[in-house]
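Enquirer: Input model.tsv, format and content: TSV, N, CA, C and O atoms.
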chain	number	residue	atom	x	y	z
A	1	MET	N	34.35	259.95	119.03
A	1	MET	CA	34.94	260.60	120.17
A	1	MET	C	34.74	259.71	121.38
A	1	MET	O	33.66	259.19	121.59
A	2	ILE	N	35.76	259.60	122.15
A	2	ILE	CA	35.69	258.79	123.36
A	2	ILE	C	35.69	259.73	124.57
A	2	ILE	O	36.44	260.70	124.60
A	3	PHE	N	34.82	259.44	125.51
A	3	PHE	CA	34.72	260.24	126.72
A	3	PHE	C	35.21	259.43	127.90
A	3	PHE	O	34.93	258.24	128.00
A	4	THR	N	35.93	260.09	128.80
A	4	THR	CA	36.36	259.43	130.01
A	4	THR	C	35.12	258.94	130.76
A	4	THR	O	34.05	259.54	130.66
A	5	LYS	N	35.26	257.85	131.45
A	5	LYS	CA	34.12	257.19	132.09
A	5	LYS	C	33.28	258.12	132.95
A	5	LYS	O	32.06	258.08	132.92
A	6	ARG	N	33.92	259.01	133.68
A	6	ARG	CA	33.17	259.89	134.60
A	6	ARG	C	32.30	260.92	133.88
A	6	ARG	O	31.43	261.52	134.49
A	7	LEU	N	32.52	261.12	132.57
A	7	LEU	CA	31.73	262.10	131.82
A	7	LEU	C	30.54	261.47	131.09
A	7	LEU	O	29.63	262.18	130.67
A	8	ARG	N	30.54	260.17	130.92
A	8	ARG	CA	29.56	259.52	130.05
A	8	ARG	C	28.12	259.72	130.49
A	8	ARG	O	27.25	259.93	129.65
A	9	ASP	N	27.83	259.66	131.80
A	9	ASP	CA	26.46	259.89	132.26
A	9	ASP	C	26.00	261.30	131.92
A	9	ASP	O	24.86	261.50	131.53
A	10	GLY	N	26.89	262.28	132.06
A	10	GLY	CA	26.55	263.66	131.73
A	10	GLY	C	26.28	263.85	130.25
A	10	GLY	O	25.41	264.62	129.86
A	11	VAL	N	27.02	263.13	129.42
A	11	VAL	CA	26.78	263.19	127.97
A	11	VAL	C	25.42	262.58	127.65
A	11	VAL	O	24.61	263.16	126.93
A	12	ARG	N	25.16	261.41	128.23
A	12	ARG	CA	23.88	260.72	127.96
A	12	ARG	C	22.68	261.52	128.46
A	12	ARG	O	21.62	261.52	127.84
A	13	SER	N	22.84	262.24	129.57
A	13	SER	CA	21.71	263.00	130.12
A	13	SER	C	21.50	264.32	129.38
A	13	SER	O	20.48	264.98	129.56
A	14	GLY	N	22.46	264.72	128.55
A	14	GLY	CA	22.37	265.99	127.84
A	14	GLY	C	22.94	267.15	128.65
A	14	GLY	O	22.94	268.29	128.19
A	15	GLU	N	23.46	266.86	129.84
A	15	GLU	CA	24.07	267.89	130.67
A	15	GLU	C	25.38	268.40	130.05
A	15	GLU	O	25.72	269.57	130.15
A	16	ILE	N	26.12	267.50	129.40
A	16	ILE	CA	27.37	267.86	128.73
A	16	ILE	C	27.13	267.81	127.22
A	16	ILE	O	26.76	266.77	126.68
A	17	THR	N	27.32	268.97	126.56
A	17	THR	CA	27.10	269.06	125.12
A	17	THR	C	28.29	269.68	124.39
A	17	THR	O	28.16	270.09	123.24
A	18	LEU	N	29.40	269.78	125.09
A	18	LEU	CA	30.61	270.31	124.44
A	18	LEU	C	31.84	269.65	125.04
A	18	LEU	O	31.81	269.15	126.16
A	19	SER	N	32.90	269.67	124.26
A	19	SER	CA	34.14	269.04	124.69
A	19	SER	C	35.31	269.83	124.12
A	19	SER	O	35.26	270.28	122.99
A	20	VAL	N	36.35	269.99	124.91
A	20	VAL	CA	37.58	270.61	124.46
A	20	VAL	C	38.56	269.49	124.16
A	20	VAL	O	38.78	268.61	124.99
A	21	ARG	N	39.14	269.53	122.96
A	21	ARG	CA	40.09	268.50	122.55
A	21	ARG	C	41.36	269.16	122.04
A	21	ARG	O	41.30	270.17	121.35
A	22	ILE	N	42.49	268.57	122.37
A	22	ILE	CA	43.77	269.07	121.87
A	22	ILE	C	44.32	267.99	120.94
A	22	ILE	O	44.73	266.91	121.38
A	23	TRP	N	44.29	268.31	119.65
A	23	TRP	CA	44.66	267.37	118.59
A	23	TRP	C	45.67	268.03	117.66
A	23	TRP	O	45.81	269.25	117.63
A	24	MET	N	46.30	267.24	116.82
A	24	MET	CA	47.14	267.77	115.74
A	24	MET	C	46.23	268.39	114.67
A	24	MET	O	46.56	269.41	114.09
A	25	SER	N	45.10	267.75	114.41
A	25	SER	CA	44.09	268.23	113.47
A	25	SER	C	42.76	267.65	113.92
A	25	SER	O	42.72	266.70	114.71
A	26	PRO	N	41.64	268.19	113.44
A	26	PRO	CA	40.33	267.67	113.89
A	26	PRO	C	40.20	266.18	113.64
A	26	PRO	O	40.61	265.67	112.60
A	27	ARG	N	39.63	265.49	114.60
A	27	ARG	CA	39.42	264.04	114.51
A	27	ARG	C	37.95	263.69	114.28
A	27	ARG	O	37.61	262.51	114.18
A	28	VAL	N	37.10	264.71	114.24
A	28	VAL	CA	35.67	264.50	114.01
A	28	VAL	C	35.20	265.49	112.95
A	28	VAL	O	35.88	266.48	112.66
A	29	LYS	N	34.03	265.21	112.37
A	29	LYS	CA	33.46	266.09	111.34
A	29	LYS	C	32.05	266.49	111.73
A	29	LYS	O	31.29	265.67	112.27
A	30	VAL	N	31.71	267.72	111.43
A	30	VAL	CA	30.36	268.23	111.70
A	30	VAL	C	29.35	267.37	110.94
A	30	VAL	O	29.54	267.04	109.78
A	31	GLY	N	28.28	267.00	111.65
A	31	GLY	CA	27.22	266.20	111.05
A	31	GLY	C	27.43	264.70	111.14
A	31	GLY	O	26.52	263.93	110.89
A	32	HIS	N	28.63	264.28	111.50
A	32	HIS	CA	28.90	262.85	111.62
A	32	HIS	C	28.52	262.37	113.01
A	32	HIS	O	28.55	263.12	113.98
A	33	ARG	N	28.16	261.09	113.07
A	33	ARG	CA	27.82	260.46	114.34
A	33	ARG	C	28.94	259.52	114.77
A	33	ARG	O	29.56	258.86	113.94
A	34	TYR	N	29.15	259.48	116.09
A	34	TYR	CA	30.21	258.64	116.66
A	34	TYR	C	29.62	257.80	117.78
A	34	TYR	O	28.92	258.32	118.65
A	35	LYS	N	29.91	256.51	117.75
A	35	LYS	CA	29.33	255.58	118.71
A	35	LYS	C	29.90	255.79	120.11
A	35	LYS	O	31.06	256.09	120.28
A	36	MET	N	29.01	255.61	121.08
A	36	MET	CA	29.40	255.48	122.47
A	36	MET	C	29.03	254.05	122.85
A	36	MET	O	28.46	253.33	122.04
A	37	GLU	N	29.31	253.66	124.09
A	37	GLU	CA	28.93	252.29	124.47
A	37	GLU	C	27.41	252.13	124.39
A	37	GLU	O	26.92	251.04	124.12
A	38	GLU	N	26.67	253.19	124.61
A	38	GLU	CA	25.22	253.20	124.42
A	38	GLU	C	24.89	254.46	123.64
A	38	GLU	O	25.20	255.56	124.06
A	39	GLY	N	24.28	254.32	122.49
A	39	GLY	CA	23.89	255.46	121.69
A	39	GLY	C	25.05	256.06	120.91
A	39	GLY	O	26.08	255.41	120.71
A	40	GLU	N	24.84	257.28	120.47
A	40	GLU	CA	25.83	257.97	119.66
A	40	GLU	C	25.83	259.46	120.02
A	40	GLU	O	24.88	259.95	120.64
A	41	ILE	N	26.88	260.14	119.60
A	41	ILE	CA	26.85	261.60	119.63
A	41	ILE	C	26.94	262.07	118.19
A	41	ILE	O	27.55	261.40	117.34
A	42	GLU	N	26.30	263.18	117.91
A	42	GLU	CA	26.40	263.80	116.59
A	42	GLU	C	27.06	265.16	116.79
A	42	GLU	O	26.65	265.95	117.64
A	43	VAL	N	28.11	265.41	116.00
A	43	VAL	CA	28.86	266.66	116.11
A	43	VAL	C	28.08	267.79	115.44
A	43	VAL	O	27.72	267.70	114.27
A	44	ASP	N	27.81	268.84	116.21
A	44	ASP	CA	27.08	270.01	115.71
A	44	ASP	C	28.04	271.07	115.18
A	44	ASP	O	27.72	271.77	114.21
A	45	SER	N	29.20	271.24	115.82
A	45	SER	CA	30.18	272.23	115.35
A	45	SER	C	31.54	271.89	115.93
A	45	SER	O	31.65	271.19	116.94
A	46	ILE	N	32.56	272.38	115.26
A	46	ILE	CA	33.93	272.27	115.77
A	46	ILE	C	34.64	273.56	115.37
A	46	ILE	O	34.53	274.00	114.24
A	47	GLU	N	35.30	274.16	116.35
A	47	GLU	CA	36.00	275.41	116.06
A	47	GLU	C	37.32	275.46	116.82
A	47	GLU	O	37.41	274.99	117.96
A	48	PRO	N	38.33	276.02	116.18
A	48	PRO	CA	39.61	276.18	116.88
A	48	PRO	C	39.47	277.28	117.93
A	48	PRO	O	38.79	278.29	117.70
A	49	ILE	N	40.08	277.06	119.09
A	49	ILE	CA	40.09	278.06	120.14
A	49	ILE	C	41.51	278.15	120.70
A	49	ILE	O	42.35	277.30	120.38
A	50	GLY	N	41.75	279.14	121.52
A	50	GLY	CA	43.06	279.29	122.14
A	50	GLY	C	43.01	278.93	123.61
A	50	GLY	O	41.92	278.84	124.20
A	51	LEU	N	44.15	278.75	124.21
A	51	LEU	CA	44.23	278.41	125.62
A	51	LEU	C	43.49	279.43	126.50
A	51	LEU	O	42.79	279.04	127.44
A	52	PRO	N	43.57	280.74	126.21
A	52	PRO	CA	42.84	281.71	127.04
A	52	PRO	C	41.31	281.54	126.97
A	52	PRO	O	40.59	282.02	127.84
A	53	ASP	N	40.83	280.86	125.92
A	53	ASP	CA	39.38	280.63	125.77
A	53	ASP	C	38.86	279.55	126.72
A	53	ASP	O	37.66	279.41	126.92
A	54	ILE	N	39.77	278.76	127.30
A	54	ILE	CA	39.36	277.70	128.21
A	54	ILE	C	39.21	278.31	129.61
A	54	ILE	O	40.16	278.42	130.36
A	55	THR	N	38.01	278.72	129.89
A	55	THR	CA	37.69	279.36	131.17
A	55	THR	C	37.21	278.32	132.17
A	55	THR	O	36.84	277.20	131.78
A	56	PRO	N	37.18	278.66	133.44
A	56	PRO	CA	36.60	277.73	134.42
A	56	PRO	C	35.15	277.36	134.07
A	56	PRO	O	34.74	276.21	134.24
A	57	GLU	N	34.39	278.31	133.53
A	57	GLU	CA	33.00	278.03	133.15
A	57	GLU	C	32.94	277.02	132.01
A	57	GLU	O	32.12	276.10	132.04
A	58	LEU	N	33.81	277.18	131.02
A	58	LEU	CA	33.85	276.23	129.91
A	58	LEU	C	34.27	274.85	130.40
A	58	LEU	O	33.70	273.84	129.99
A	59	ALA	N	35.24	274.81	131.29
A	59	ALA	CA	35.69	273.53	131.84
A	59	ALA	C	34.54	272.82	132.57
A	59	ALA	O	34.31	271.63	132.38
A	60	ARG	N	33.79	273.57	133.39
A	60	ARG	CA	32.67	272.96	134.11
A	60	ARG	C	31.57	272.52	133.15
A	60	ARG	O	30.97	271.46	133.32
A	61	ALA	N	31.31	273.31	132.10
A	61	ALA	CA	30.29	272.93	131.11
A	61	ALA	C	30.71	271.66	130.36
A	61	ALA	O	29.86	270.92	129.87
A	62	SER	N	32.01	271.40	130.32
A	62	SER	CA	32.54	270.19	129.68
A	62	SER	C	32.55	269.00	130.62
A	62	SER	O	32.98	267.91	130.25
A	63	GLY	N	32.14	269.23	131.89
A	63	GLY	CA	32.06	268.14	132.85
A	63	GLY	C	33.25	268.03	133.79
A	63	GLY	O	33.36	267.06	134.53
A	64	PHE	N	34.15	269.01	133.76
A	64	PHE	CA	35.35	268.96	134.59
A	64	PHE	C	35.24	269.90	135.78
A	64	PHE	O	34.43	270.82	135.79
A	65	LEU	N	36.10	269.68	136.76
A	65	LEU	CA	36.10	270.50	137.96
A	65	LEU	C	36.65	271.90	137.68
A	65	LEU	O	36.26	272.87	138.31
A	66	GLY	N	37.58	271.99	136.75
A	66	GLY	CA	38.21	273.26	136.41
A	66	GLY	C	39.13	273.09	135.23
A	66	GLY	O	39.21	272.02	134.62
A	67	VAL	N	39.86	274.15	134.90
A	67	VAL	CA	40.72	274.17	133.71
A	67	VAL	C	41.82	273.10	133.80
A	67	VAL	O	42.05	272.37	132.84
A	68	LEU	N	42.51	273.00	134.92
A	68	LEU	CA	43.59	272.02	135.04
A	68	LEU	C	43.07	270.60	134.89
A	68	LEU	O	43.70	269.76	134.23
A	69	ASP	N	41.92	270.31	135.48
A	69	ASP	CA	41.30	268.99	135.36
A	69	ASP	C	41.01	268.68	133.89
A	69	ASP	O	41.31	267.60	133.40
A	70	LEU	N	40.48	269.66	133.17
A	70	LEU	CA	40.17	269.48	131.75
A	70	LEU	C	41.45	269.25	130.95
A	70	LEU	O	41.51	268.33	130.13
A	71	LEU	N	42.47	270.06	131.18
A	71	LEU	CA	43.69	269.94	130.39
A	71	LEU	C	44.41	268.62	130.58
A	71	LEU	O	45.07	268.13	129.67
A	72	LYS	N	44.26	267.99	131.74
A	72	LYS	CA	44.87	266.68	131.98
A	72	LYS	C	44.28	265.61	131.06
A	72	LYS	O	44.94	264.65	130.71
A	73	VAL	N	43.01	265.80	130.67
A	73	VAL	CA	42.30	264.80	129.88
A	73	VAL	C	42.21	265.17	128.40
A	73	VAL	O	42.15	264.31	127.54
A	74	ALA	N	42.24	266.46	128.08
A	74	ALA	CA	41.94	266.94	126.72
A	74	ALA	C	43.00	266.62	125.69
A	74	ALA	O	42.70	266.48	124.51
A	75	LYS	N	44.25	266.50	126.10
A	75	LYS	CA	45.33	266.31	125.12
A	75	LYS	C	45.40	264.87	124.66
A	75	LYS	O	45.40	263.95	125.46
A	76	HIS	N	45.46	264.72	123.33
A	76	HIS	CA	45.52	263.40	122.74
A	76	HIS	C	46.79	263.31	121.89
A	76	HIS	O	46.94	264.04	120.91
A	77	GLY	N	47.70	262.45	122.27
A	77	GLY	CA	48.94	262.28	121.52
A	77	GLY	C	49.78	263.54	121.54
A	77	GLY	O	49.90	264.20	122.56
A	78	ARG	N	50.31	263.89	120.38
A	78	ARG	CA	51.19	265.05	120.28
A	78	ARG	C	50.41	266.32	119.93
A	78	ARG	O	50.98	267.29	119.46
A	79	GLY	N	49.11	266.29	120.14
A	79	GLY	CA	48.27	267.42	119.76
A	79	GLY	C	48.72	268.75	120.32
A	79	GLY	O	49.20	268.82	121.44
A	80	GLU	N	48.58	269.79	119.50
A	80	GLU	CA	48.94	271.14	119.90
A	80	GLU	C	47.82	272.14	119.63
A	80	GLU	O	47.85	273.24	120.16
A	81	LYS	N	46.85	271.76	118.79
A	81	LYS	CA	45.77	272.67	118.42
A	81	LYS	C	44.56	272.35	119.29
A	81	LYS	O	44.22	271.19	119.51
A	82	ILE	N	43.90	273.41	119.77
A	82	ILE	CA	42.77	273.24	120.68
A	82	ILE	C	41.48	273.45	119.91
A	82	ILE	O	41.33	274.44	119.17
A	83	TYR	N	40.53	272.53	120.09
A	83	TYR	CA	39.24	272.60	119.40
A	83	TYR	C	38.10	272.52	120.42
A	83	TYR	O	38.18	271.76	121.38
A	84	LEU	N	37.07	273.30	120.15
A	84	LEU	CA	35.83	273.21	120.92
A	84	LEU	C	34.83	272.47	120.06
A	84	LEU	O	34.48	272.92	118.96
A	85	VAL	N	34.40	271.31	120.54
A	85	VAL	CA	33.47	270.47	119.81
A	85	VAL	C	32.11	270.52	120.52
A	85	VAL	O	32.02	270.22	121.71
A	86	ARG	N	31.08	270.93	119.79
A	86	ARG	CA	29.71	270.92	120.33
A	86	ARG	C	28.97	269.75	119.70
A	86	ARG	O	29.15	269.46	118.51
A	87	PHE	N	28.17	269.07	120.49
A	87	PHE	CA	27.52	267.85	120.03
A	87	PHE	C	26.21	267.65	120.77
A	87	PHE	O	25.91	268.35	121.74
A	88	HIS	N	25.43	266.69	120.31
A	88	HIS	CA	24.25	266.26	121.07
A	88	HIS	C	24.22	264.73	121.07
A	88	HIS	O	24.75	264.08	120.17
A	89	TYR	N	23.61	264.21	122.10
A	89	TYR	CA	23.54	262.76	122.31
A	89	TYR	C	22.29	262.20	121.63
A	89	TYR	O	21.22	262.80	121.67
A	90	ILE	N	22.45	261.05	121.00
A	90	ILE	CA	21.35	260.34	120.37
A	90	ILE	C	21.25	258.98	121.06
A	90	ILE	O	22.17	258.16	120.96
A	91	PRO	N	20.14	258.75	121.80
A	91	PRO	CA	20.02	257.47	122.50
A	91	PRO	C	19.90	256.30	121.54
A	91	PRO	O	19.52	256.49	120.38
A	92	PRO	N	20.21	255.09	122.01
A	92	PRO	CA	20.07	253.92	121.14
A	92	PRO	C	18.61	253.69	120.80
A	92	PRO	O	17.71	254.01	121.58
A	93	LYS	N	18.41	253.14	119.61
A	93	LYS	CA	17.03	252.81	119.20
A	93	LYS	C	16.60	251.59	119.98
A	93	LYS	O	17.36	250.65	120.17
A	94	ARG	N	15.39	251.64	120.41
A	94	ARG	CA	14.82	250.49	121.14
A	94	ARG	C	14.51	249.37	120.14
A	94	ARG	O	13.98	249.61	119.07
A	95	ALA	N	14.86	248.17	120.52
A	95	ALA	CA	14.52	247.01	119.70
A	95	ALA	C	13.02	246.79	119.75
A	95	ALA	O	12.40	246.93	120.81
A	96	LYS	N	12.45	246.48	118.61
A	96	LYS	CA	11.00	246.23	118.58
A	96	LYS	C	10.70	244.89	119.23
A	96	LYS	O	11.40	243.90	119.02
A	97	ALA	N	9.67	244.89	120.05
A	97	ALA	CA	9.27	243.66	120.72
A	97	ALA	C	8.67	242.71	119.70
A	97	ALA	O	7.92	243.11	118.81
A	98	LYS	N	9.00	241.44	119.85
A	98	LYS	CA	8.46	240.42	118.93
A	98	LYS	C	7.08	240.01	119.42
A	98	LYS	O	6.88	239.80	120.61
A	99	ALA	N	6.15	239.89	118.49
A	99	ALA	CA	4.78	239.51	118.85
A	99	ALA	C	4.61	238.02	118.95
A	99	ALA	O	5.32	237.24	118.46
Just give me the structure as structure tokens.
Expert:
Amino acid sequence: MIFTKRLRDGVRSGEITLSVRIWMSPRVKVGHRYKMEEGEIEVDSIEPIGLPDITPELARASGFLGVLDLLKVAKHGRGEKIYLVRFHYIPPKRAKAKA
């Protein structure tokens, strides 16, 4: 999963743990990890939702100012189905110092 640049710090800090995506079909799988520029996210759940489920609170929890802001970014390609993806961030492993 790719996050717009302005959301990445929130994902890394753990402040953002969910994302709304509009796809033709799911593009991620529960339990799988997806690389970010630093670290990874692991998908905890994915569920189909409807447009009325996208509330201002959900939009803010996703890192957006509101529903319209979220919808401008959430659609990918010709997607028509809305998914709520919950995830957690896994920081990169520290390289061991050489003795």
Enquirer: Please measure the separation of atom CA of Tyr89 of chain A and atom CA of Ile41 of chain A, giving the value in Å to one decimal.
Expert: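 Going from atom CA of Tyr89 of chain A over to atom CA of Ile41 of chain A, I get 4.4 Å.
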Enquirer: Which is closest to Arg12 of chain A among A:Glu38, A:Leu70, A:Ile46, A:Val85, if we use only N, CA, C and O atoms?
Expert: A:Glu38
Enquirer: Chain A: which residues are strand (DSSP E or B) by DSSP, as a PyMOL selection string?
Expert: chain A and resi 18-23+33-35+40-49+75+81-90
Enquirer: Print the selection's residues with N, CA, C and O atoms to a file, as a compact mmCIF listing (two decimals), in the frame of the given file.
Expert:
# COMPACT_ATOMS: atom_id res chain seq x y z
N LEU A 18 29.40 269.78 125.09
CA LEU A 18 30.61 270.31 124.44
C LEU A 18 31.84 269.65 125.04
O LEU A 18 31.81 269.15 126.16
N SER A 19 32.90 269.67 124.26
CA SER A 19 34.14 269.04 124.69
C SER A 19 35.31 269.83 124.12
O SER A 19 35.26 270.28 122.99
N VAL A 20 36.35 269.99 124.91
CA VAL A 20 37.58 270.61 124.46
C VAL A 20 38.56 269.49 124.16
O VAL A 20 38.78 268.61 124.99
N ARG A 21 39.14 269.53 122.96
CA ARG A 21 40.09 268.50 122.55
C ARG A 21 41.36 269.16 122.04
O ARG A 21 41.30 270.17 121.35
N ILE A 22 42.49 268.57 122.37
CA ILE A 22 43.77 269.07 121.87
C ILE A 22 44.32 267.99 120.94
O ILE A 22 44.73 266.91 121.38
N TRP A 23 44.29 268.31 119.65
CA TRP A 23 44.66 267.37 118.59
C TRP A 23 45.67 268.03 117.66
O TRP A 23 45.81 269.25 117.63
N ARG A 33 28.16 261.09 113.07
CA ARG A 33 27.82 260.46 114.34
C ARG A 33 28.94 259.52 114.77
O ARG A 33 29.56 258.86 113.94
N TYR A 34 29.15 259.48 116.09
CA TYR A 34 30.21 258.64 116.66
C TYR A 34 29.62 257.80 117.78
O TYR A 34 28.92 258.32 118.65
N LYS A 35 29.91 256.51 117.75
CA LYS A 35 29.33 255.58 118.71
C LYS A 35 29.90 255.79 120.11
O LYS A 35 31.06 256.09 120.28
N GLU A 40 24.84 257.28 120.47
CA GLU A 40 25.83 257.97 119.66
C GLU A 40 25.83 259.46 120.02
O GLU A 40 24.88 259.95 120.64
N ILE A 41 26.88 260.14 119.60
CA ILE A 41 26.85 261.60 119.63
C ILE A 41 26.94 262.07 118.19
O ILE A 41 27.55 261.40 117.34
N GLU A 42 26.30 263.18 117.91
CA GLU A 42 26.40 263.80 116.59
C GLU A 42 27.06 265.16 116.79
O GLU A 42 26.65 265.95 117.64
N VAL A 43 28.11 265.41 116.00
CA VAL A 43 28.86 266.66 116.11
C VAL A 43 28.08 267.79 115.44
O VAL A 43 27.72 267.70 114.27
N ASP A 44 27.81 268.84 116.21
CA ASP A 44 27.08 270.01 115.71
C ASP A 44 28.04 271.07 115.18
O ASP A 44 27.72 271.77 114.21
N SER A 45 29.20 271.24 115.82
CA SER A 45 30.18 272.23 115.35
C SER A 45 31.54 271.89 115.93
O SER A 45 31.65 271.19 116.94
N ILE A 46 32.56 272.38 115.26
CA ILE A 46 33.93 272.27 115.77
C ILE A 46 34.64 273.56 115.37
O ILE A 46 34.53 274.00 114.24
N GLU A 47 35.30 274.16 116.35
CA GLU A 47 36.00 275.41 116.06
C GLU A 47 37.32 275.46 116.82
O GLU A 47 37.41 274.99 117.96
N PRO A 48 38.33 276.02 116.18
CA PRO A 48 39.61 276.18 116.88
C PRO A 48 39.47 277.28 117.93
O PRO A 48 38.79 278.29 117.70
N ILE A 49 40.08 277.06 119.09
CA ILE A 49 40.09 278.06 120.14
C ILE A 49 41.51 278.15 120.70
O ILE A 49 42.35 277.30 120.38
N LYS A 75 44.25 266.50 126.10
CA LYS A 75 45.33 266.31 125.12
C LYS A 75 45.40 264.87 124.66
O LYS A 75 45.40 263.95 125.46
N LYS A 81 46.85 271.76 118.79
CA LYS A 81 45.77 272.67 118.42
C LYS A 81 44.56 272.35 119.29
O LYS A 81 44.22 271.19 119.51
N ILE A 82 43.90 273.41 119.77
CA ILE A 82 42.77 273.24 120.68
C ILE A 82 41.48 273.45 119.91
O ILE A 82 41.33 274.44 119.17
N TYR A 83 40.53 272.53 120.09
CA TYR A 83 39.24 272.60 119.40
C TYR A 83 38.10 272.52 120.42
O TYR A 83 38.18 271.76 121.38
N LEU A 84 37.07 273.30 120.15
CA LEU A 84 35.83 273.21 120.92
C LEU A 84 34.83 272.47 120.06
O LEU A 84 34.48 272.92 118.96
N VAL A 85 34.40 271.31 120.54
CA VAL A 85 33.47 270.47 119.81
C VAL A 85 32.11 270.52 120.52
O VAL A 85 32.02 270.22 121.71
N ARG A 86 31.08 270.93 119.79
CA ARG A 86 29.71 270.92 120.33
C ARG A 86 28.97 269.75 119.70
O ARG A 86 29.15 269.46 118.51
N PHE A 87 28.17 269.07 120.49
CA PHE A 87 27.52 267.85 120.03
C PHE A 87 26.21 267.65 120.77
O PHE A 87 25.91 268.35 121.74
N HIS A 88 25.43 266.69 120.31
CA HIS A 88 24.25 266.26 121.07
C HIS A 88 24.22 264.73 121.07
O HIS A 88 24.75 264.08 120.17
N TYR A 89 23.61 264.21 122.10
CA TYR A 89 23.54 262.76 122.31
C TYR A 89 22.29 262.20 121.63
O TYR A 89 21.22 262.80 121.67
N ILE A 90 22.45 261.05 121.00
CA ILE A 90 21.35 260.34 120.37
C ILE A 90 21.25 258.98 121.06
O ILE A 90 22.17 258.16 120.96
Enquirer: Can you pull out every residue within 4.5 Å of Ala61 of chain A, counting only N, CA, C and O atoms, but drop anything in the same chain fewer than 2 positions away, and send it as a VMD selection string?
Expert: chain A and resid 15 to 16 57 to 59 63
Enquirer: Enter the distance from atom CA of Ile82 of chain A to atom O of His32 of chain A, in Å, rounded to one decimal.
Expert: 18.7 Å
Enquirer: Between A:Trp23, A:Phe3, A:Tyr34, A:Phe64, single out the one closest to Glu80 of chain A, counting only N, CA, C and O atoms.
Expert: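 Using only N, CA, C and O atoms, the shortest distance to Glu80 of chain A belongs to A:Trp23.
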Enquirer: Which is closer to Ile22 of chain A than all the others in A:Gly39, A:Gly66, A:Pro56, A:Gly50, using only C-alpha atoms?
Expert: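 Looking at the shortest contact to Ile22 of chain A, the residue is A:Gly50.
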Enquirer: So the first atom is atom CA of Asp9 of chain A and the second is atom CA of Leu65 of chain A; what is the distance between them in Å, to one decimal place?
Expert: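 Atom-to-atom, atom CA of Asp9 of chain A to atom CA of Leu65 of chain A, that is 15.4 Å.
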Enquirer: Considering all atoms listed in the file, can you say which of A:Val11, A:Lys29, A:Glu42, A:Thr4 comes closest to Arg86 of chain A?
Expert: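 Of A:Val11, A:Lys29, A:Glu42, A:Thr4, the one nearest Arg86 of chain A is A:Glu42, counting all atoms listed in the file.
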Enquirer: Using all atoms listed in the file, which of the listed residues (A:Leu51, A:Met1, A:Leu84, A:Gly77) sits closest to Glu37 of chain A?
Expert: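 Ranking A:Leu51, A:Met1, A:Leu84, A:Gly77 by distance to Glu37 of chain A, first place goes to A:Met1.
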Enquirer: Using only N, CA, C and O atoms, which of the listed residues (A:Ser62, A:Pro91, A:Ile49, A:Arg78) sits closest to Leu18 of chain A?
Expert: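 Among A:Ser62, A:Pro91, A:Ile49, A:Arg78, it is A:Ser62 that comes nearest to Leu18 of chain A.
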Enquirer: From a backbone DSSP assignment, name each residue in chain A labelled helix (DSSP H, G or I), as an MDAnalysis selection string.
Expert: chainID A and resid 5:13 51:53 56:61 67:74
Enquirer: Taking all listed atoms of segment 40-48 of chain A, build the axis-aligned box, pad each of the six sides by 4 Å, then write its centre and edge lengths in Å to one decimal as AutoDock Vina command-line options.
Expert:
--center_x 32.2 --center_y 267.8 --center_z 117.4 --size_x 22.8 --size_y 29.0 --size_z 14.4
